[in-house]
Structure formats: structure tokens, C-alpha cells
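J.: My structure is stored as start_14.cif, with mmCIF, C-alpha atoms.
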data_start
#
loop_
_atom_site.label_atom_id
_atom_site.label_comp_id
_atom_site.auth_asym_id
_atom_site.auth_seq_id
_atom_site.Cartn_x
_atom_site.Cartn_y
_atom_site.Cartn_z
CA MET A 26 -129.91 113.02 0.62
CA ALA A 27 -132.43 115.15 2.47
CA VAL A 28 -136.05 114.19 3.01
CA ARG A 29 -138.67 116.89 3.19
CA SER A 30 -140.90 117.35 6.21
CA ALA A 31 -144.26 115.64 5.73
CA MET A 32 -146.02 118.93 6.38
CA ASP A 33 -144.15 120.46 3.42
CA ASN A 34 -145.60 117.86 1.05
CA THR A 35 -149.25 118.88 1.07
CA GLY A 36 -149.85 119.25 -2.67
CA LYS A 37 -151.28 122.72 -2.21
CA GLY A 38 -152.17 124.14 -5.59
CA SER A 39 -152.61 120.71 -7.19
CA LYS A 40 -156.08 119.73 -8.37
CA PHE A 41 -155.40 116.42 -6.61
CA GLU A 42 -154.67 118.06 -3.25
CA TYR A 43 -157.76 116.56 -1.61
CA LEU A 44 -157.73 113.21 -3.41
CA LYS A 45 -158.15 110.32 -0.98
CA TRP A 46 -156.16 107.12 -1.19
CA PHE A 47 -156.43 103.42 -0.44
CA ASP A 48 -153.04 101.81 0.19
CA ALA A 49 -153.25 98.02 -0.06
CA HIS A 50 -150.03 97.20 1.77
CA LEU A 51 -148.61 98.82 4.91
CA ASP A 52 -146.64 96.97 7.60
CA LEU A 53 -148.05 99.06 10.42
CA ALA A 54 -148.02 96.49 13.24
CA TYR A 55 -144.50 95.41 12.22
CA LEU A 56 -143.33 99.00 12.68
CA ALA A 57 -145.01 99.24 16.06
CA GLU A 58 -143.48 95.92 17.14
CA CYS A 59 -140.08 97.34 16.15
CA GLU A 60 -140.70 100.31 18.50
CA ARG A 61 -141.75 103.01 16.08
CA ASP A 62 -144.07 105.53 17.74
CA MET A 63 -146.97 105.24 15.31
CA ASP A 64 -148.73 108.30 16.74
CA ALA A 65 -145.76 110.61 16.22
CA PRO A 66 -144.80 112.79 13.26
CA ILE A 67 -142.45 110.90 10.95
CA GLU A 68 -139.61 113.27 11.85
CA ARG A 69 -139.73 112.09 15.50
CA CYS A 70 -141.16 108.56 15.37
CA GLY A 71 -138.00 106.49 15.82
CA GLY A 72 -137.93 102.78 15.11
CA PRO A 73 -136.37 100.99 12.13
CA ASP A 74 -135.37 102.13 8.64
CA LEU A 75 -134.96 105.85 9.13
CA PRO A 76 -135.73 108.33 7.66
CA ALA A 77 -139.27 107.11 8.13
CA ALA A 78 -142.16 107.45 5.71
CA VAL A 79 -145.12 106.04 7.66
CA THR A 80 -146.87 106.62 10.94
CA LEU A 81 -150.61 106.78 11.57
CA ARG A 82 -150.28 110.55 11.60
CA SER A 83 -148.51 110.68 8.24
CA LEU A 84 -151.27 108.54 6.72
CA CYS A 85 -153.86 111.08 7.82
CA GLU A 86 -151.72 113.91 6.51
CA GLY A 87 -151.47 112.13 3.16
CA ARG A 88 -155.24 111.51 3.05
CA VAL A 89 -154.90 107.74 3.09
CA ALA A 90 -158.51 107.06 4.03
CA ALA A 91 -158.17 103.28 4.16
CA CYS A 92 -155.48 100.63 3.91
CA LEU A 93 -154.60 97.00 4.33
CA GLY A 94 -152.41 96.80 7.41
CA THR A 95 -150.41 93.60 7.59
CA ILE A 96 -149.74 90.94 10.13
CA PHE A 97 -146.27 90.16 8.78
CA THR A 98 -144.26 87.23 10.10
CA GLU A 99 -140.92 85.93 8.84
CA ALA A 100 -139.63 82.40 9.32
CA ASP A 101 -136.14 82.56 10.85
CA GLY A 102 -136.36 86.35 10.89
CA SER A 103 -134.07 88.22 13.24
CA ASP A 104 -136.32 91.04 14.47
CA ALA A 105 -139.58 91.31 16.40
CA VAL A 106 -141.65 89.50 13.76
CA GLY A 107 -139.32 86.51 13.38
CA TYR A 108 -139.90 82.94 14.59
CA PRO A 109 -138.19 79.56 14.02
CA ALA A 110 -139.25 78.09 10.69
CA GLY A 111 -141.94 75.45 11.11
CA ASN A 112 -142.82 76.49 14.67
CA ALA A 113 -146.55 77.12 14.42
CA GLU A 114 -146.94 78.16 18.07
CA ALA A 115 -144.20 80.80 17.83
CA ALA A 116 -145.62 82.15 14.58
CA HIS A 117 -149.09 82.27 16.14
CA ALA A 118 -147.82 84.25 19.12
CA CYS A 119 -146.05 86.68 16.81
CA GLY A 120 -149.23 87.20 14.79
CA VAL A 121 -151.39 87.68 17.87
CA ARG A 122 -149.06 90.41 19.16
CA GLN A 123 -149.50 92.29 15.90
CA LEU A 124 -153.25 91.76 15.94
CA GLY A 125 -153.24 93.50 19.32
CA TRP A 126 -151.93 96.71 17.75
CA TYR A 127 -154.79 96.85 15.25
CA ARG A 128 -157.38 96.18 17.91
CA ARG A 129 -156.01 99.08 19.98
CA TRP A 130 -155.99 101.39 16.96
CA TRP A 131 -159.55 100.37 16.07
CA ALA A 132 -160.61 101.19 19.63
CA ASP A 133 -158.99 104.62 19.31
CA ARG A 134 -160.78 105.27 16.04
CA LYS A 135 -164.14 104.15 17.44
CA ALA A 136 -163.67 106.43 20.44
CA GLY A 137 -162.81 109.36 18.16
CA ARG A 138 -159.23 109.58 19.40
CA LYS A 139 -156.18 110.36 17.24
CA GLY A 140 -158.23 111.34 14.18
CA SER A 141 -157.11 113.96 11.70
CA ARG A 142 -159.42 116.55 13.24
CA ASP A 143 -157.53 116.15 16.50
CA ARG A 144 -154.29 116.78 14.62
CA GLY A 145 -155.52 119.94 12.94
CA ILE A 146 -154.95 118.82 9.35
CA GLU A 147 -156.25 121.61 7.15
CA GLY A 148 -159.30 120.86 5.03
CA SER A 149 -159.90 117.37 6.38
CA SER A 150 -162.94 115.99 8.16
CA GLU A 151 -161.76 112.39 7.99
CA GLU A 152 -161.13 110.32 11.06
CA GLN A 153 -158.11 108.09 11.47
CA THR A 154 -157.28 105.87 8.52
CA ARG A 155 -159.56 102.86 8.30
CA ILE A 156 -157.47 99.68 8.58
CA LEU A 157 -158.37 96.25 7.20
CA ILE A 158 -156.04 93.35 8.05
CA LEU A 159 -153.97 91.40 5.56
CA MET A 160 -152.03 88.44 6.93
CA GLU A 161 -148.71 88.35 5.06
CA CYS A 162 -147.64 84.71 5.49
CA ALA A 163 -150.18 82.26 6.89
CA ASP A 164 -147.87 80.64 9.44
CA PRO A 165 -149.68 82.26 12.44
CA ILE A 166 -152.68 80.05 11.54
CA ARG A 167 -151.85 76.90 13.47
CA SER A 168 -154.45 74.74 11.71
CA VAL A 169 -156.98 75.25 8.95
CA SER A 170 -159.78 75.08 11.50
CA GLU A 171 -158.34 78.17 13.21
CA LEU A 172 -159.05 80.41 10.20
CA ASP A 173 -162.43 81.44 11.57
CA TRP A 174 -160.80 82.77 14.76
CA TRP A 175 -158.69 85.17 12.68
CA VAL A 176 -161.60 86.20 10.46
CA GLU A 177 -163.70 87.03 13.51
CA ARG A 178 -160.90 89.37 14.60
CA GLY A 179 -160.69 91.29 11.34
CA VAL A 180 -158.50 89.39 8.87
CA VAL A 181 -159.93 89.93 5.37
CA ALA A 182 -157.04 88.72 3.20
CA ILE A 183 -154.19 86.25 3.51
CA GLY A 184 -151.03 85.63 1.54
CA LEU A 185 -150.17 81.97 2.11
CA ALA A 186 -146.43 82.63 2.14
CA TRP A 187 -143.83 85.33 2.47
CA ALA A 188 -140.65 85.18 0.35
CA ARG A 189 -139.09 82.27 2.28
CA GLY A 190 -142.22 80.16 2.11
CA SER A 191 -144.47 78.87 4.86
CA ARG A 192 -146.03 75.70 6.20
CA PHE A 193 -148.61 76.04 3.40
CA ALA A 194 -146.85 77.11 0.20
CA GLY A 195 -143.64 78.09 -1.54
CA GLY A 196 -142.62 81.73 -1.50
CA ASN A 197 -140.97 83.74 -4.25
CA LEU A 198 -137.52 82.55 -3.09
CA ASN A 199 -138.66 78.90 -3.34
CA SER A 200 -138.83 78.51 -7.11
CA GLY A 201 -140.54 75.27 -8.04
CA VAL A 202 -142.29 74.82 -4.69
CA GLY A 203 -146.07 74.96 -4.93
CA LEU A 204 -149.01 74.44 -2.60
CA ASN A 205 -149.01 71.53 -0.18
CA ALA A 206 -152.09 69.70 1.09
CA ASP A 207 -152.56 72.11 4.01
CA GLY A 208 -152.25 75.05 1.65
CA ARG A 209 -154.97 73.68 -0.60
CA SER A 210 -157.19 73.02 2.40
CA LEU A 211 -156.63 76.54 3.71
CA LEU A 212 -157.49 78.07 0.34
CA ALA A 213 -160.70 76.05 0.23
CA ARG A 214 -161.64 77.26 3.71
CA MET A 215 -160.74 80.84 2.76
CA GLU A 216 -163.00 80.65 -0.29
CA GLU A 217 -165.87 79.41 1.89
CA SER A 218 -165.29 82.23 4.38
CA GLY A 219 -164.91 84.99 1.78
CA VAL A 220 -161.25 85.63 2.65
CA VAL A 221 -159.25 87.05 -0.25
CA HIS A 222 -156.01 85.36 -1.34
CA ASP A 223 -153.03 87.68 -1.86
CA LEU A 224 -150.63 86.22 -4.44
CA ALA A 225 -147.90 88.81 -3.87
CA HIS A 226 -145.15 86.63 -2.39
CA LEU A 227 -145.93 83.20 -3.82
CA SER A 228 -143.60 81.22 -6.02
CA GLN A 229 -144.66 81.02 -9.65
CA ARG A 230 -145.71 77.42 -9.20
CA ALA A 231 -147.81 78.24 -6.11
CA THR A 232 -149.35 81.17 -8.00
CA GLU A 233 -150.37 78.99 -10.92
CA GLU A 234 -151.73 76.26 -8.62
CA SER A 235 -153.70 78.87 -6.65
CA LEU A 236 -155.21 80.33 -9.80
CA ALA A 237 -156.40 76.86 -10.80
CA LEU A 238 -158.64 76.95 -7.71
CA PRO A 239 -161.71 79.13 -7.07
CA GLY A 240 -161.57 82.25 -4.91
CA ARG A 241 -161.02 85.99 -4.96
CA VAL A 242 -157.42 87.03 -5.60
CA ILE A 243 -155.27 90.15 -5.53
CA ALA A 244 -151.58 91.05 -5.67
CA SER A 245 -151.45 93.62 -2.91
CA HIS A 246 -147.95 95.00 -3.57
CA SER A 247 -146.42 93.54 -6.73
CA ASN A 248 -145.03 95.13 -9.87
CA CYS A 249 -144.79 93.92 -13.47
CA ARG A 250 -142.26 91.15 -14.02
CA ALA A 251 -142.09 91.96 -17.73
CA LEU A 252 -140.55 95.36 -16.88
CA LEU A 253 -138.01 93.89 -14.45
CA GLY A 254 -136.14 91.39 -16.58
CA GLY A 255 -138.82 88.70 -16.58
CA GLU A 256 -137.20 86.33 -14.05
CA ASN A 257 -137.92 87.61 -10.52
CA GLU A 258 -140.81 85.58 -9.08
CA ARG A 259 -141.49 88.35 -6.58
CA HIS A 260 -143.45 90.17 -9.30
CA VAL A 261 -146.43 89.20 -11.42
CA THR A 262 -146.32 87.97 -14.99
CA ASP A 263 -148.58 89.40 -17.65
CA GLU A 264 -150.60 86.17 -17.52
CA THR A 265 -151.09 86.58 -13.77
CA ILE A 266 -152.09 90.22 -14.20
CA ARG A 267 -154.78 89.20 -16.66
CA ALA A 268 -155.95 86.33 -14.43
CA ILE A 269 -156.31 88.61 -11.40
CA ALA A 270 -158.20 91.20 -13.43
CA GLY A 271 -160.40 88.51 -14.91
CA ARG A 272 -161.59 87.63 -11.41
CA GLY A 273 -162.26 91.27 -10.53
CA GLY A 274 -159.08 91.59 -8.49
CA VAL A 275 -156.59 94.45 -8.25
CA ILE A 276 -152.79 94.71 -8.50
CA GLY A 277 -151.16 97.16 -6.08
CA LEU A 278 -148.18 99.28 -7.19
CA ASN A 279 -145.16 98.71 -4.92
CA LEU A 280 -143.06 101.88 -4.45
CA PHE A 281 -139.79 100.23 -3.39
CA GLY A 282 -137.28 101.69 -5.86
CA LYS A 283 -135.55 98.38 -6.65
CA PHE A 284 -138.95 96.94 -7.56
CA LEU A 285 -139.47 99.78 -10.03
CA ARG A 286 -136.02 99.96 -11.66
CA PRO A 287 -133.62 97.28 -10.40
CA GLU A 288 -130.52 98.54 -12.24
CA MET A 289 -130.17 101.68 -10.09
CA LYS A 290 -126.74 102.70 -8.81
CA PRO A 291 -126.06 103.02 -5.03
CA GLY A 292 -127.68 106.18 -3.68
CA GLU A 293 -129.85 106.61 -6.76
CA ARG A 294 -133.63 106.77 -6.44
CA ALA A 295 -136.28 105.56 -8.84
CA THR A 296 -138.54 108.17 -10.39
CA ILE A 297 -142.27 108.74 -10.46
CA ASP A 298 -142.11 107.95 -14.18
CA ASP A 299 -140.70 104.52 -13.27
CA ALA A 300 -143.73 103.92 -11.06
CA VAL A 301 -146.19 105.14 -13.69
CA ARG A 302 -144.63 102.76 -16.23
CA HIS A 303 -145.76 99.79 -14.10
CA VAL A 304 -149.26 101.22 -13.63
CA GLU A 305 -149.68 101.70 -17.36
CA HIS A 306 -148.32 98.23 -18.13
CA VAL A 307 -151.12 96.72 -16.05
CA VAL A 308 -153.63 98.85 -17.94
CA GLN A 309 -152.18 97.72 -21.26
CA GLN A 310 -152.52 94.08 -20.26
CA VAL A 311 -156.16 94.28 -19.16
CA GLY A 312 -157.47 97.05 -21.41
CA HIS A 313 -158.93 99.27 -18.70
CA THR A 314 -158.00 101.19 -15.52
CA ARG A 315 -160.12 99.23 -13.04
CA SER A 316 -157.56 96.61 -11.97
CA VAL A 317 -154.65 98.69 -10.65
CA GLY A 318 -154.21 100.66 -7.45
CA LEU A 319 -151.63 101.47 -4.80
CA GLY A 320 -149.90 98.91 -2.58
CA SER A 321 -146.99 101.10 -1.56
CA ASP A 322 -145.20 98.93 1.04
CA MET A 323 -143.79 102.20 2.42
CA ASP A 324 -141.49 101.35 5.32
CA GLY A 325 -141.80 97.63 4.64
CA GLY A 326 -138.16 97.17 5.61
CA LEU A 327 -137.06 100.25 3.70
CA SER A 328 -136.52 103.94 4.42
CA ALA A 329 -138.03 106.94 2.67
CA LEU A 330 -134.81 107.21 0.65
CA MET A 331 -135.69 103.92 -1.07
CA LEU A 332 -138.96 105.32 -2.43
CA PRO A 333 -139.16 107.17 -5.75
CA ASP A 334 -137.64 110.62 -5.82
CA GLU A 335 -140.14 113.27 -4.61
CA ILE A 336 -142.16 110.67 -2.69
CA ASP A 337 -140.98 110.72 0.93
CA SER A 338 -144.27 110.03 2.72
CA PRO A 339 -147.99 109.53 2.03
CA GLY A 340 -148.23 113.32 1.80
CA ASP A 341 -146.51 113.06 -1.59
CA LEU A 342 -148.89 110.57 -3.19
CA TRP A 343 -150.63 113.38 -5.05
CA ARG A 344 -147.53 113.49 -7.25
CA LEU A 345 -148.46 110.07 -8.65
CA ALA A 346 -151.89 111.44 -9.50
CA GLU A 347 -150.34 114.45 -11.22
CA ALA A 348 -148.06 112.19 -13.27
CA LEU A 349 -150.96 110.01 -14.44
CA SER A 350 -152.96 113.12 -15.34
CA ALA A 351 -150.02 114.48 -17.32
CA ARG A 352 -150.04 111.25 -19.36
CA GLY A 353 -153.64 111.79 -20.38
CA TRP A 354 -155.54 109.99 -17.63
CA SER A 355 -158.95 111.45 -16.91
CA ASN A 356 -159.75 112.69 -13.42
CA THR A 357 -162.10 109.72 -13.06
CA ASP A 358 -159.38 107.21 -13.96
CA VAL A 359 -156.90 108.88 -11.60
CA GLU A 360 -159.45 108.62 -8.79
CA LEU A 361 -159.96 104.93 -9.58
CA PHE A 362 -156.24 104.31 -9.19
CA ALA A 363 -155.97 106.31 -5.95
CA TRP A 364 -159.11 105.10 -4.22
CA GLY A 365 -161.93 103.75 -6.33
CA ASN A 366 -160.61 100.38 -7.49
CA TRP A 367 -159.62 99.12 -4.07
CA ALA A 368 -162.65 100.73 -2.43
CA ARG A 369 -164.95 98.93 -4.87
CA PHE A 370 -163.15 95.63 -4.30
CA TRP A 371 -163.52 95.92 -0.53
CA GLY A 372 -167.08 97.27 -0.66
CA LEU A 373 -166.25 100.71 0.69
CA THR A 374 -168.11 102.65 -2.03
#
Would you mind writing the structure in this file as C-alpha cells?
T.:
Amino acid sequence: MAVRSAMDNTGKGSKFEYLKWFDAHLDLAYLAECERDMDAPIERCGGPDLPAAVTLRSLCEGRVAACLGTIFTEADGSDAVGYPAGNAEAAHACGVRQLGWYRRWWADRKAGRKGSRDRGIEGSSEEQTRILILMECADPIRSVSELDWWVERGVVAIGLAWARGSRFAGGNLNSGVGLNADGRSLLARMEESGVVHDLAHLSQRATEESLALPGRVIASHSNCRALLGGENERHVTDETIRAIAGRGGVIGLNLFGKFLRPEMKPGERATIDDAVRHVEHVVQQVGHTRSVGLGSDMDGGLSALMLPDEIDSPGDLWRLAEALSARGWSNTDVELFAWGNWARFWGLT
């Protein structure tokens, strides 16, 4: 199945052509660690999971003005972000390597290098995508007292565990495993430091125990469990959706096709309508449009062919806006989904 060139996906003629976006989940440093050229066009970037959807250049082309870039580590993982389960020093080293990529990209942005004006993107005066750091799995934090070191270097949100769990909490593959004492201590320190807790990969028990504690919470890249059979702990229940919204948090739409419509046949792609169904379910649960945004997870271990049909890169995100508009969303509500809700949450408005 062919993937269009990113430069063919500009949305010209759409009233949402110049809409800007906040994407709450992109594994940018992971891609760089796996030898993707993040400054290249997606057609020539190399690295894992081709055909690619994301490079820094494609984010500018798609008018992604800001994002949460992850420090993603995987216990017993087999690639560049893996480390032996329980080995805090190895996890720390893995996280620090990824932190180095963001610090270099921030330096480029501050110096005015590699911005969209340098790349000649028509109609844009934006600089390179602003990146905030989300730590996806807290294992790189060797002790609770080390949290401040990470915060000083730009970490604004942390998910205590990835799917396989961590030294702090059970992940979505560890049903029945909740927070341990270190996890509770870390959450308390995060709340004191203003660090947001991302519930996206926690087990249901860890989610419920986390919500019993104070602190700001989000689900950066989770879909609606009620639309996916009701059993997969990777996604948020209606009760969790309402709890996050009740604290002023936001749920980010994940664009991985299997997380939109799990019963797809091999080679089949989800549709934009499948994605919109999850967005509107969140709205139905909370009664307004202020608690849902984008958390695409593009290239988070998947190729462009695993995204919804007609979305091959950030340059196609305008199609989501068009679909919401076609379902009766006002221009203001569409803008809230694309940019405003996450921007408000992170104080960028």
C-alpha cells in the first residue's frame, strides 16, 4: 500500500490548512536512538518502522507547533532503549542518552537553526516544534530524590510504568499490580514539584490507586476502553476519563490503528471515522470538548501504514479537523482539540 509524500499532504483548500497542533505523545528520542535521521524528509530518514511518519521536519510541515517528546525505556527491551529489568543504573543511562537528543534539539531551536523558515514551508513563520519532555516509564529515575535532577533538565510529565511495569508500578500487562511504596513516594514528590502524572500505561489497579492520591493527571496517548471490548487495560475506562477531566486533565487520541479498531484484518487500516468515534466518546463522557486532544504516538513502534487511512504523516492531521467539522463541531471546538486544550493545560496560551 503506497504512502503519499508528506509534501503532497498540505491540506491546501481546507479551512483548517493553517491550524496548528499539539501532539501529546511522540517518541522522538527513541527514533533518533534507533538511527532515524530526524532532520531528514520522511521519505529519506531511515531508521525503524518504515515507511516513516515522523521526523522533526515532518512535524514542521504538519504545523505541529508543540509536543510532548518522550524519554521511552523498556525493561528487557531488545533495541536501543532496552535495559535489564530492575537495573536502575542501566535504565538511567538509557534515559540520559535520550535526554541528550532533546537538549541538542533545544539548542538548535534557540539558535534559530532547523526551523520551518529554513525549510521553506509555505505560509509558516513558526520555528521548530517546541518540545516538552514526557518520561514514559520512570525506571531512569534511580531514586525518588533524583526527580529534581530530571525536572531541572526539562521533564514535565512522567508515566510511572510502561506496559511491562517498572520499579514503581504495574503496567497495563501486569493486571492486578498496583503502586509500590517507591511509586507512592515518587508520586508525592511529583505533586510537590508540579510534575504531571501520565496514566497511559498503568495497570487498572495502579490507575485507581494513583487517582486516590492528589496531583495533576493526563492520559497522553490512550483511547476509550468502552469502544475496544472493555477488557484491555492499555486504554482508559469511562470512569478514568471522567476522573481525568474532573482534575482539568486531557486525554490524547492515539492513532495506532489497532487501538482504534482492534478487529481489523491483516493489511487493513483504520479510518478517520474510527478515530473520531473515540474523540466523541470522551466528549460524551465529560459533557464538553475541553478534555480531549491529540496524542498520536506516530512511529511509536509502528509505521505509517498502521495509522488511519489518509493519515500518513503530521501533514495529514488537518483531515481529523475536517472530520470533526463535518460532524457539527464548531471551528472553536476543533481548534481546542487540535491545539487549545493541551496548550491551556501546559500554559502555552
J.: Give me, as an MDAnalysis selection string, all polymer residues having an atom no more than 9 Å from segment 261-266 of chain A, counting only C-alpha atoms and skipping those fewer than 3 positions away in the same chain.
T.: chainID A and resid 224:225 229 232:233 236 244 247:251 255 257:258 269:271 275:276 306:307 310:311 316
J.: Kindly give the distance, in Å, that separates atom CA of Gly208 of chain A and atom CA of Val180 of chain A, rounded to a single decimal.
T.: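 Between atom CA of Gly208 of chain A and atom CA of Val180 of chain A the gap is 17.2 Å.
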J.: For the provided coordinates, the residues matched by the PyMOL selection byres ((chain A and resi 41-53) around 8) should be stated as a VMD selection string.
T.: chain A and resid 35 to 40 54 to 57 63 80 88 to 97 159 245 to 246 277 318 to 325 343 346 to 347 360 363 to 364 367 to 368
J.: Would you compute the distance between atom CA of Trp130 of chain A and atom CA of Leu327 of chain A? Give it in Å to one decimal.
T.: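 Between atom CA of Trp130 of chain A and atom CA of Leu327 of chain A the gap is 23.1 Å.
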J.: Tell me which protein, DNA and RNA residues are within 12 Å of Glu177 of chain A, counting all atoms listed in the file, leaving out same-chain ones fewer than 5 positions away, and put them as a ChimeraX atom specification.
T.: /A:124,128,158,171-172,218-220
J.: Expand the PyMOL selection byres ((chain A and resi 226) around 8) into the individual residues it matches in the shown file, reporting them as a PDB file with C-alpha atoms, keeping the file's coordinate frame.
T.:
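Below is the file result34.pdb, written as the result:
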ATOM      1  CA  GLY A 184    -151.030  85.630   1.540  1.00  0.00           C
ATOM      2  CA  ALA A 186    -146.430  82.630   2.140  1.00  0.00           C
ATOM      3  CA  TRP A 187    -143.830  85.330   2.470  1.00  0.00           C
ATOM      4  CA  ALA A 188    -140.650  85.180   0.350  1.00  0.00           C
ATOM      5  CA  GLY A 196    -142.620  81.730  -1.500  1.00  0.00           C
ATOM      6  CA  ASN A 197    -140.970  83.740  -4.250  1.00  0.00           C
ATOM      7  CA  ASP A 223    -153.030  87.680  -1.860  1.00  0.00           C
ATOM      8  CA  LEU A 224    -150.630  86.220  -4.440  1.00  0.00           C
ATOM      9  CA  ALA A 225    -147.900  88.810  -3.870  1.00  0.00           C
ATOM     10  CA  LEU A 227    -145.930  83.200  -3.820  1.00  0.00           C
ATOM     11  CA  SER A 228    -143.600  81.220  -6.020  1.00  0.00           C
ATOM     12  CA  ARG A 259    -141.490  88.350  -6.580  1.00  0.00           C
ATOM     13  CA  HIS A 260    -143.450  90.170  -9.300  1.00  0.00           C
TER      14      HIS A 260
END
J.: The PyMOL selection byres ((chain A and resi 192) around 12) - which residues does that actually catch in the file I just gave you? List them as a ChimeraX atom specification.
T.: /A:99-100,109-113,116,162-169,185-187,189-191,193-196,202-209,211
J.: Please compute the atom CA of Ala295 of chain A-atom CA of Ser328 of chain A distance, one decimal, in Å.
T.: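 Rounded to one decimal, the two atoms are 13.4 Å apart.
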